[in-house]
There are 2 protein chains.
Amino acid sequence: MRADVLKGHLDGLLLSTLEDGPRHGYAVRKALVDGSGGRIDLPTGTVYPALHRLERAGLISSRWLTVDGRQRRIYELTTDGRHALGAERSSWQEFATAVSALLGEKPWPATT
Amino acid sequence: MRADVLKGHLDGLLLSTLEDGPRHGYAVRKALVDGSGGRIDLPTGTVYPALHRLERAGLISSRWLTVDGRQRRIYELTTDGRHALGAERSSWQEFATAVSALLGEKPWPATT
DNA sequence: GACGATGTGTAGCGTCGCTACTTATCACCG
DNA sequence: CGGTGATAAGTAGCGACGCTACACATCGTC
């Protein structure tokens with residue numbers, strides 16, 4: 001999949017992976033890979049900064065866990081994040097509808 | 001609609017407006033407004049540079065027409081442009097499918 | 001002991017849509 | 001005649017953001 005098509009849609013995807021419960025960054029990334037059949041396979045240099053951005057924006061919160069002496073940073077949706085996710089969903093619907101209508105296969109005149 | 005969600009999808013939309021025949025920039029913009037029910041309403045500062053970019057890329061070609069003493073720049077799909085439009089279509093399909101699957105409405109607990 | 005998977009992170013770059021502005025002709029209305 | 005809005009094309013500069021390319025650490029496996 002081409003690179004930058006994500007622009008502006010990444011936040012919603014990240015938030016959605018946290019909807020079912022807290023996850024750490026690596027697991028968020030994996031959830032996107034798995035849930036998209038490998039189509040959305042983001043480099044870590046995309047995921048981690050994006051999570052930090054979302055935290056700065058107050059849409060997710062994080063805490064550190066120590067598992068087997070290894071540090072894991074666990075992210076969780078905030079209330080604002082839940083609302084933002086809803087907004088992203090409807091925004092996506094609207095956008096996808098508009099683009100599909102414009103780009104979508106034309107109903108060819110029956111003669112073709 | 002939020003601003004930057006277009007990122008990476010604009011080219012396909014522009015190309016698609018030229019599929020049915022040549023148009024000038026202003027008409028391209030109008031076609032997007034009309035075809036999206038006003039949802040996609042781009043400033044001219046987005047449309048014209050994007051068309052120039054597509055022409056530099058060889059996906060469209062332009063010629064000047066003089067109508068009533070006014071200059072109009074008419075754009076037209078090239079062969080490469082037609083191929084690119086096809087590629088954008090399938091790329092959009094793939095992307096939209098993946099995002100919808102990930103973001104898609106969860107079966108809400110009946111209470112909402 | 002080397003390698004890959006797991007896990008987190010940063011610095012810097014490039015793309016691209018946007019804001020804000022300019023220039024010009026024409027139709028319409030008062 | 002003057003003002004306003006639609007039509008028509010354009011540029012300069014900015015900011016957001018995903019990407020590349022790294023660095024670092026632990027664990028299990030060969």
# chains A, B, ... in the order shown; residues from 1 in each chain; ligands from 1

$ calpha_fit_and_write --fixed "chain A" --moving "chain B" --output "compact mmCIF listing (two decimals) with N, CA and C atoms, in the first residue's frame"
# COMPACT_ATOMS: atom_id res chain seq x y z
N MET B 1 -0.35 -0.93 -0.42
CA MET B 1 -1.12 0.32 -0.33
C MET B 1 -0.19 1.53 -0.36
N ARG B 2 -0.58 2.54 -1.13
CA ARG B 2 0.29 3.71 -1.24
C ARG B 2 0.51 4.35 0.12
N ALA B 3 1.59 5.05 0.23
CA ALA B 3 2.08 5.47 1.53
C ALA B 3 1.14 6.44 2.25
N ASP B 4 0.95 7.60 1.71
CA ASP B 4 0.43 8.70 2.51
C ASP B 4 -1.08 8.77 2.58
N VAL B 5 -1.76 7.78 2.04
CA VAL B 5 -3.21 7.82 2.09
C VAL B 5 -3.74 7.82 3.53
N LEU B 6 -2.89 7.40 4.44
CA LEU B 6 -3.29 7.33 5.84
C LEU B 6 -3.51 8.70 6.44
N LYS B 7 -2.76 9.64 5.95
CA LYS B 7 -2.73 10.99 6.52
C LYS B 7 -4.07 11.44 7.07
N GLY B 8 -4.10 11.64 8.36
CA GLY B 8 -5.31 12.16 8.96
C GLY B 8 -6.27 11.08 9.45
N HIS B 9 -5.98 9.82 9.08
CA HIS B 9 -6.87 8.75 9.51
C HIS B 9 -6.20 7.83 10.53
N LEU B 10 -4.90 8.02 10.69
CA LEU B 10 -4.14 7.12 11.56
C LEU B 10 -4.62 7.19 13.00
N ASP B 11 -4.87 8.39 13.48
CA ASP B 11 -5.26 8.55 14.88
C ASP B 11 -6.47 7.69 15.22
N GLY B 12 -7.46 7.74 14.38
CA GLY B 12 -8.66 6.95 14.62
C GLY B 12 -8.37 5.47 14.68
N LEU B 13 -7.51 5.02 13.78
CA LEU B 13 -7.18 3.59 13.77
C LEU B 13 -6.48 3.18 15.06
N LEU B 14 -5.53 4.01 15.47
CA LEU B 14 -4.80 3.69 16.69
C LEU B 14 -5.75 3.67 17.89
N LEU B 15 -6.58 4.68 17.97
CA LEU B 15 -7.53 4.73 19.09
C LEU B 15 -8.42 3.49 19.09
N SER B 16 -8.84 3.08 17.91
CA SER B 16 -9.78 1.96 17.86
C SER B 16 -9.15 0.66 18.35
N THR B 17 -7.84 0.53 18.18
CA THR B 17 -7.20 -0.70 18.66
C THR B 17 -7.16 -0.75 20.18
N LEU B 18 -7.33 0.42 20.80
CA LEU B 18 -7.29 0.46 22.27
C LEU B 18 -8.69 0.40 22.88
N GLU B 19 -9.69 0.32 21.99
CA GLU B 19 -11.05 0.37 22.51
C GLU B 19 -11.38 -0.85 23.38
N ASP B 20 -10.81 -1.99 23.02
CA ASP B 20 -11.15 -3.21 23.74
C ASP B 20 -10.27 -3.44 24.97
N GLY B 21 -9.42 -2.47 25.26
CA GLY B 21 -8.57 -2.62 26.43
C GLY B 21 -7.15 -2.16 26.15
N PRO B 22 -6.37 -2.00 27.20
CA PRO B 22 -5.00 -1.50 27.09
C PRO B 22 -4.13 -2.42 26.24
N ARG B 23 -3.19 -1.82 25.56
CA ARG B 23 -2.24 -2.56 24.74
C ARG B 23 -0.92 -1.80 24.72
N HIS B 24 0.17 -2.48 24.45
CA HIS B 24 1.43 -1.77 24.23
C HIS B 24 1.61 -1.54 22.73
N GLY B 25 2.53 -0.66 22.39
CA GLY B 25 2.69 -0.18 21.03
C GLY B 25 2.84 -1.27 19.98
N TYR B 26 3.67 -2.23 20.31
CA TYR B 26 3.90 -3.32 19.37
C TYR B 26 2.60 -4.08 19.09
N ALA B 27 1.79 -4.24 20.13
CA ALA B 27 0.52 -4.96 19.98
C ALA B 27 -0.49 -4.12 19.19
N VAL B 28 -0.42 -2.81 19.36
CA VAL B 28 -1.27 -1.92 18.58
C VAL B 28 -0.97 -2.10 17.10
N ARG B 29 0.32 -2.08 16.80
CA ARG B 29 0.74 -2.26 15.42
C ARG B 29 0.25 -3.60 14.86
N LYS B 30 0.41 -4.65 15.65
CA LYS B 30 -0.02 -5.98 15.21
C LYS B 30 -1.53 -6.05 14.99
N ALA B 31 -2.26 -5.37 15.86
CA ALA B 31 -3.71 -5.38 15.73
C ALA B 31 -4.13 -4.77 14.39
N LEU B 32 -3.40 -3.75 13.95
CA LEU B 32 -3.72 -3.13 12.66
C LEU B 32 -3.36 -4.06 11.50
N VAL B 33 -2.21 -4.70 11.61
CA VAL B 33 -1.81 -5.66 10.57
C VAL B 33 -2.84 -6.78 10.47
N ASP B 34 -3.16 -7.37 11.60
CA ASP B 34 -4.08 -8.51 11.61
C ASP B 34 -5.49 -8.09 11.17
N GLY B 35 -5.96 -6.98 11.72
CA GLY B 35 -7.32 -6.55 11.45
C GLY B 35 -7.56 -6.06 10.04
N SER B 36 -6.48 -5.86 9.30
CA SER B 36 -6.62 -5.35 7.93
C SER B 36 -6.16 -6.37 6.91
N GLY B 37 -5.95 -7.58 7.38
CA GLY B 37 -5.45 -8.60 6.47
C GLY B 37 -4.08 -8.24 5.89
N GLY B 38 -3.27 -7.53 6.68
CA GLY B 38 -1.93 -7.20 6.25
C GLY B 38 -1.85 -5.95 5.38
N ARG B 39 -2.98 -5.37 5.06
CA ARG B 39 -2.97 -4.19 4.18
C ARG B 39 -2.38 -2.98 4.87
N ILE B 40 -2.64 -2.88 6.16
CA ILE B 40 -2.11 -1.75 6.92
C ILE B 40 -0.98 -2.25 7.79
N ASP B 41 0.23 -2.05 7.27
CA ASP B 41 1.43 -2.61 7.89
C ASP B 41 2.40 -1.46 8.13
N LEU B 42 2.27 -0.83 9.28
CA LEU B 42 2.99 0.41 9.52
C LEU B 42 4.37 0.16 10.11
N PRO B 43 5.36 0.94 9.66
CA PRO B 43 6.67 0.88 10.28
C PRO B 43 6.60 1.40 11.72
N THR B 44 7.51 0.92 12.55
CA THR B 44 7.48 1.35 13.95
C THR B 44 7.74 2.86 14.06
N GLY B 45 8.46 3.39 13.12
CA GLY B 45 8.73 4.82 13.10
C GLY B 45 7.50 5.65 12.83
N THR B 46 6.43 5.00 12.45
CA THR B 46 5.14 5.68 12.34
C THR B 46 4.33 5.51 13.62
N VAL B 47 4.32 4.29 14.12
CA VAL B 47 3.44 3.98 15.24
C VAL B 47 3.85 4.69 16.53
N TYR B 48 5.13 4.55 16.90
CA TYR B 48 5.52 5.08 18.21
C TYR B 48 5.38 6.60 18.28
N PRO B 49 5.88 7.34 17.32
CA PRO B 49 5.67 8.79 17.41
C PRO B 49 4.19 9.16 17.42
N ALA B 50 3.38 8.42 16.69
CA ALA B 50 1.95 8.73 16.67
C ALA B 50 1.32 8.51 18.05
N LEU B 51 1.74 7.44 18.71
CA LEU B 51 1.22 7.19 20.06
C LEU B 51 1.66 8.31 21.02
N HIS B 52 2.88 8.74 20.87
CA HIS B 52 3.36 9.84 21.73
C HIS B 52 2.54 11.10 21.48
N ARG B 53 2.25 11.32 20.22
CA ARG B 53 1.44 12.48 19.86
C ARG B 53 0.06 12.40 20.49
N LEU B 54 -0.53 11.22 20.41
CA LEU B 54 -1.86 11.05 21.00
C LEU B 54 -1.82 11.23 22.52
N GLU B 55 -0.73 10.79 23.13
CA GLU B 55 -0.64 10.97 24.57
C GLU B 55 -0.48 12.45 24.92
N ARG B 56 0.37 13.15 24.18
CA ARG B 56 0.51 14.59 24.40
C ARG B 56 -0.83 15.28 24.26
N ALA B 57 -1.64 14.78 23.34
CA ALA B 57 -2.96 15.38 23.10
C ALA B 57 -3.97 14.97 24.17
N GLY B 58 -3.57 14.06 25.03
CA GLY B 58 -4.46 13.67 26.12
C GLY B 58 -5.51 12.64 25.73
N LEU B 59 -5.34 12.00 24.58
CA LEU B 59 -6.34 11.03 24.13
C LEU B 59 -6.04 9.62 24.62
N ILE B 60 -4.80 9.38 24.97
CA ILE B 60 -4.43 8.11 25.57
C ILE B 60 -3.48 8.40 26.74
N SER B 61 -3.36 7.42 27.62
CA SER B 61 -2.40 7.56 28.71
C SER B 61 -1.54 6.31 28.74
N SER B 62 -0.35 6.43 29.30
CA SER B 62 0.55 5.27 29.29
C SER B 62 1.11 5.02 30.68
N ARG B 63 1.49 3.77 30.88
CA ARG B 63 2.24 3.43 32.09
C ARG B 63 3.22 2.32 31.71
N TRP B 64 4.28 2.27 32.49
CA TRP B 64 5.31 1.26 32.21
C TRP B 64 5.04 0.01 33.01
N LEU B 65 5.19 -1.11 32.34
CA LEU B 65 5.14 -2.39 33.04
C LEU B 65 6.48 -3.09 32.83
N THR B 66 6.88 -3.86 33.81
CA THR B 66 8.07 -4.68 33.63
C THR B 66 7.65 -6.14 33.58
N VAL B 67 7.91 -6.76 32.44
CA VAL B 67 7.53 -8.16 32.23
C VAL B 67 8.79 -8.93 31.89
N ASP B 68 9.15 -9.88 32.77
CA ASP B 68 10.39 -10.64 32.56
C ASP B 68 11.58 -9.72 32.39
N GLY B 69 11.63 -8.68 33.18
CA GLY B 69 12.75 -7.77 33.10
C GLY B 69 12.75 -6.88 31.88
N ARG B 70 11.66 -6.99 31.08
CA ARG B 70 11.58 -6.12 29.89
C ARG B 70 10.53 -5.04 30.11
N GLN B 71 10.87 -3.85 29.65
CA GLN B 71 9.97 -2.73 29.80
C GLN B 71 8.90 -2.75 28.71
N ARG B 72 7.67 -2.62 29.16
CA ARG B 72 6.58 -2.45 28.21
C ARG B 72 5.80 -1.20 28.56
N ARG B 73 5.47 -0.45 27.51
CA ARG B 73 4.70 0.75 27.76
C ARG B 73 3.26 0.48 27.32
N ILE B 74 2.37 0.52 28.29
CA ILE B 74 0.98 0.15 28.05
C ILE B 74 0.14 1.40 27.84
N TYR B 75 -0.58 1.41 26.75
CA TYR B 75 -1.43 2.56 26.45
C TYR B 75 -2.88 2.23 26.71
N GLU B 76 -3.63 3.27 27.00
CA GLU B 76 -5.03 3.11 27.39
C GLU B 76 -5.79 4.35 26.92
N LEU B 77 -7.03 4.16 26.52
CA LEU B 77 -7.85 5.30 26.13
C LEU B 77 -8.21 6.15 27.34
N THR B 78 -8.16 7.45 27.19
CA THR B 78 -8.73 8.33 28.20
C THR B 78 -10.18 8.63 27.80
N THR B 79 -10.85 9.35 28.67
CA THR B 79 -12.24 9.73 28.35
C THR B 79 -12.27 10.59 27.08
N ASP B 80 -11.35 11.55 27.03
CA ASP B 80 -11.23 12.35 25.82
C ASP B 80 -10.97 11.48 24.60
N GLY B 81 -10.16 10.46 24.80
CA GLY B 81 -9.83 9.57 23.70
C GLY B 81 -11.04 8.83 23.18
N ARG B 82 -11.90 8.42 24.11
CA ARG B 82 -13.12 7.73 23.70
C ARG B 82 -14.01 8.65 22.88
N HIS B 83 -14.11 9.88 23.33
CA HIS B 83 -14.90 10.86 22.57
C HIS B 83 -14.28 11.10 21.20
N ALA B 84 -12.96 11.24 21.20
CA ALA B 84 -12.26 11.48 19.94
C ALA B 84 -12.48 10.32 18.97
N LEU B 85 -12.48 9.11 19.51
CA LEU B 85 -12.71 7.94 18.66
C LEU B 85 -14.10 8.00 18.02
N GLY B 86 -15.07 8.38 18.81
CA GLY B 86 -16.41 8.56 18.25
C GLY B 86 -16.43 9.60 17.14
N ALA B 87 -15.73 10.69 17.39
CA ALA B 87 -15.69 11.76 16.39
C ALA B 87 -14.98 11.28 15.12
N GLU B 88 -13.90 10.51 15.31
CA GLU B 88 -13.17 10.00 14.16
C GLU B 88 -14.05 9.06 13.35
N ARG B 89 -14.84 8.28 14.05
CA ARG B 89 -15.72 7.34 13.36
C ARG B 89 -16.70 8.07 12.46
N SER B 90 -17.36 9.07 13.02
CA SER B 90 -18.38 9.73 12.20
C SER B 90 -17.71 10.57 11.12
N SER B 91 -16.55 11.14 11.45
CA SER B 91 -15.81 11.88 10.43
C SER B 91 -15.40 10.96 9.27
N TRP B 92 -14.99 9.76 9.62
CA TRP B 92 -14.63 8.79 8.59
C TRP B 92 -15.85 8.42 7.74
N GLN B 93 -16.96 8.18 8.40
CA GLN B 93 -18.19 7.86 7.67
C GLN B 93 -18.50 8.93 6.64
N GLU B 94 -18.45 10.17 7.11
CA GLU B 94 -18.79 11.29 6.24
C GLU B 94 -17.82 11.38 5.07
N PHE B 95 -16.55 11.28 5.42
CA PHE B 95 -15.52 11.38 4.39
C PHE B 95 -15.64 10.25 3.38
N ALA B 96 -15.77 9.03 3.88
CA ALA B 96 -15.83 7.87 2.99
C ALA B 96 -17.05 7.93 2.10
N THR B 97 -18.15 8.40 2.66
CA THR B 97 -19.37 8.52 1.86
C THR B 97 -19.17 9.51 0.72
N ALA B 98 -18.59 10.66 1.07
CA ALA B 98 -18.39 11.70 0.06
C ALA B 98 -17.43 11.22 -1.03
N VAL B 99 -16.32 10.63 -0.63
CA VAL B 99 -15.34 10.19 -1.62
C VAL B 99 -15.90 9.07 -2.48
N SER B 100 -16.57 8.12 -1.85
CA SER B 100 -17.12 7.01 -2.62
C SER B 100 -18.14 7.51 -3.63
N ALA B 101 -18.93 8.51 -3.22
CA ALA B 101 -19.92 9.06 -4.14
C ALA B 101 -19.24 9.71 -5.35
N LEU B 102 -18.17 10.43 -5.09
CA LEU B 102 -17.49 11.14 -6.17
C LEU B 102 -16.67 10.20 -7.02
N LEU B 103 -16.01 9.28 -6.35
CA LEU B 103 -15.05 8.43 -7.04
C LEU B 103 -15.70 7.17 -7.55
N GLY B 104 -16.83 6.88 -6.94
CA GLY B 104 -17.46 5.58 -7.10
C GLY B 104 -17.52 5.11 -8.54
N GLU B 105 -17.63 3.82 -8.67
CA GLU B 105 -17.66 3.20 -9.99
C GLU B 105 -18.76 3.82 -10.83
N LYS B 106 -18.37 4.29 -11.98
CA LYS B 106 -19.37 4.70 -12.95
C LYS B 106 -19.92 3.45 -13.62
N PRO B 107 -21.18 3.48 -14.01
CA PRO B 107 -21.71 2.35 -14.77
C PRO B 107 -20.96 2.24 -16.09
N TRP B 108 -20.10 1.26 -16.14
CA TRP B 108 -19.23 1.12 -17.32
C TRP B 108 -20.03 0.78 -18.56
N PRO B 109 -19.60 1.30 -19.70
CA PRO B 109 -20.15 0.80 -20.94
C PRO B 109 -19.84 -0.68 -21.04
N ALA B 110 -20.85 -1.46 -21.29
CA ALA B 110 -20.81 -2.90 -21.10
C ALA B 110 -19.62 -3.61 -21.75
N THR B 111 -18.88 -2.90 -22.58
CA THR B 111 -17.81 -3.53 -23.37
C THR B 111 -16.57 -3.91 -22.57
N THR B 112 -16.32 -3.25 -21.45
CA THR B 112 -15.10 -3.55 -20.70
C THR B 112 -15.22 -4.85 -19.96

$ select_by_dssp --residues "range 19-68 of chain A" --states "alpha helix (DSSP H)" --output "JSON, numbers by chain"
{"A": [25, 26, 27, 28, 29, 30, 31, 32, 33, 34, 35, 44, 45, 46, 47, 48, 49, 50, 51, 52, 53, 54, 55, 56]}

$ interface_residues --of "chain D" --to "chain B" --cutoff "12 Å" --atoms "only C-alpha atoms (C1' of nucleotides)" --output "list in words"
DA6, DT7, DA8, DA9, DG10, DT11, DA12, DG15, DA16, DC17 and DG18 of chain D

$ select_by_dssp --residues "range 1-111 of chain A" --states "strand (DSSP E or B)" --output "PyMOL selection string"
chain A and resi 23-24+60-67+70-77

$ write_last_selection --atoms "C-alpha atoms" --output "PDB file, in the first residue's frame"
ATOM      1  CA  ARG A  23      -2.200  -2.495  24.950  1.00  0.00           C
ATOM      2  CA  HIS A  24       1.452  -1.607  24.597  1.00  0.00           C
ATOM      3  CA  ILE A  60      -4.776   8.115  25.517  1.00  0.00           C
ATOM      4  CA  SER A  61      -2.882   7.678  28.767  1.00  0.00           C
ATOM      5  CA  SER A  62       0.098   5.496  29.508  1.00  0.00           C
ATOM      6  CA  ARG A  63       1.700   3.730  32.410  1.00  0.00           C
ATOM      7  CA  TRP A  64       4.836   1.661  32.715  1.00  0.00           C
ATOM      8  CA  LEU A  65       4.713  -1.988  33.602  1.00  0.00           C
ATOM      9  CA  THR A  66       7.663  -4.192  34.407  1.00  0.00           C
ATOM     10  CA  VAL A  67       7.321  -7.676  32.989  1.00  0.00           C
ATOM     11  CA  ARG A  70      11.460  -5.484  30.935  1.00  0.00           C
ATOM     12  CA  GLN A  71       9.730  -2.173  30.681  1.00  0.00           C
ATOM     13  CA  ARG A  72       6.473  -2.027  28.838  1.00  0.00           C
ATOM     14  CA  ARG A  73       4.473   1.079  28.245  1.00  0.00           C
ATOM     15  CA  ILE A  74       0.763   0.371  28.366  1.00  0.00           C
ATOM     16  CA  TYR A  75      -1.654   2.693  26.615  1.00  0.00           C
ATOM     17  CA  GLU A  76      -5.309   3.141  27.372  1.00  0.00           C
ATOM     18  CA  LEU A  77      -8.134   5.217  25.930  1.00  0.00           C
TER      19      LEU A  77
END

$ interface_residues --of "chain C" --to "chain A" --cutoff "10 Å" --atoms "only C-alpha atoms (C1' of nucleotides)" --output "mmCIF file with C-alpha atoms (C1' of nucleotides), in the first residue's frame"
data_model
loop_
_atom_site.group_PDB
_atom_site.id
_atom_site.type_symbol
_atom_site.label_atom_id
_atom_site.label_comp_id
_atom_site.auth_asym_id
_atom_site.auth_seq_id
_atom_site.Cartn_x
_atom_site.Cartn_y
_atom_site.Cartn_z
ATOM 1 C "C1'" DT C 6 10.159 -8.472 21.148
ATOM 2 C "C1'" DG C 7 9.987 -3.793 22.825
ATOM 3 C "C1'" DT C 8 10.845 1.378 22.994
ATOM 4 C "C1'" DG C 9 12.633 5.299 21.243
ATOM 5 C "C1'" DT C 10 14.708 9.742 18.498
ATOM 6 C "C1'" DT C 15 5.551 15.545 0.742
ATOM 7 C "C1'" DC C 16 1.552 17.931 0.184
#

$ residues_around --residues "DT4 in chain D" --least-positions-apart "2" --cutoff "10 Å" --atoms "only C-alpha atoms (C1' of nucleotides)" --output "list in words"
DC28 and DC29 of chain C; DG2 and DA6 of chain D
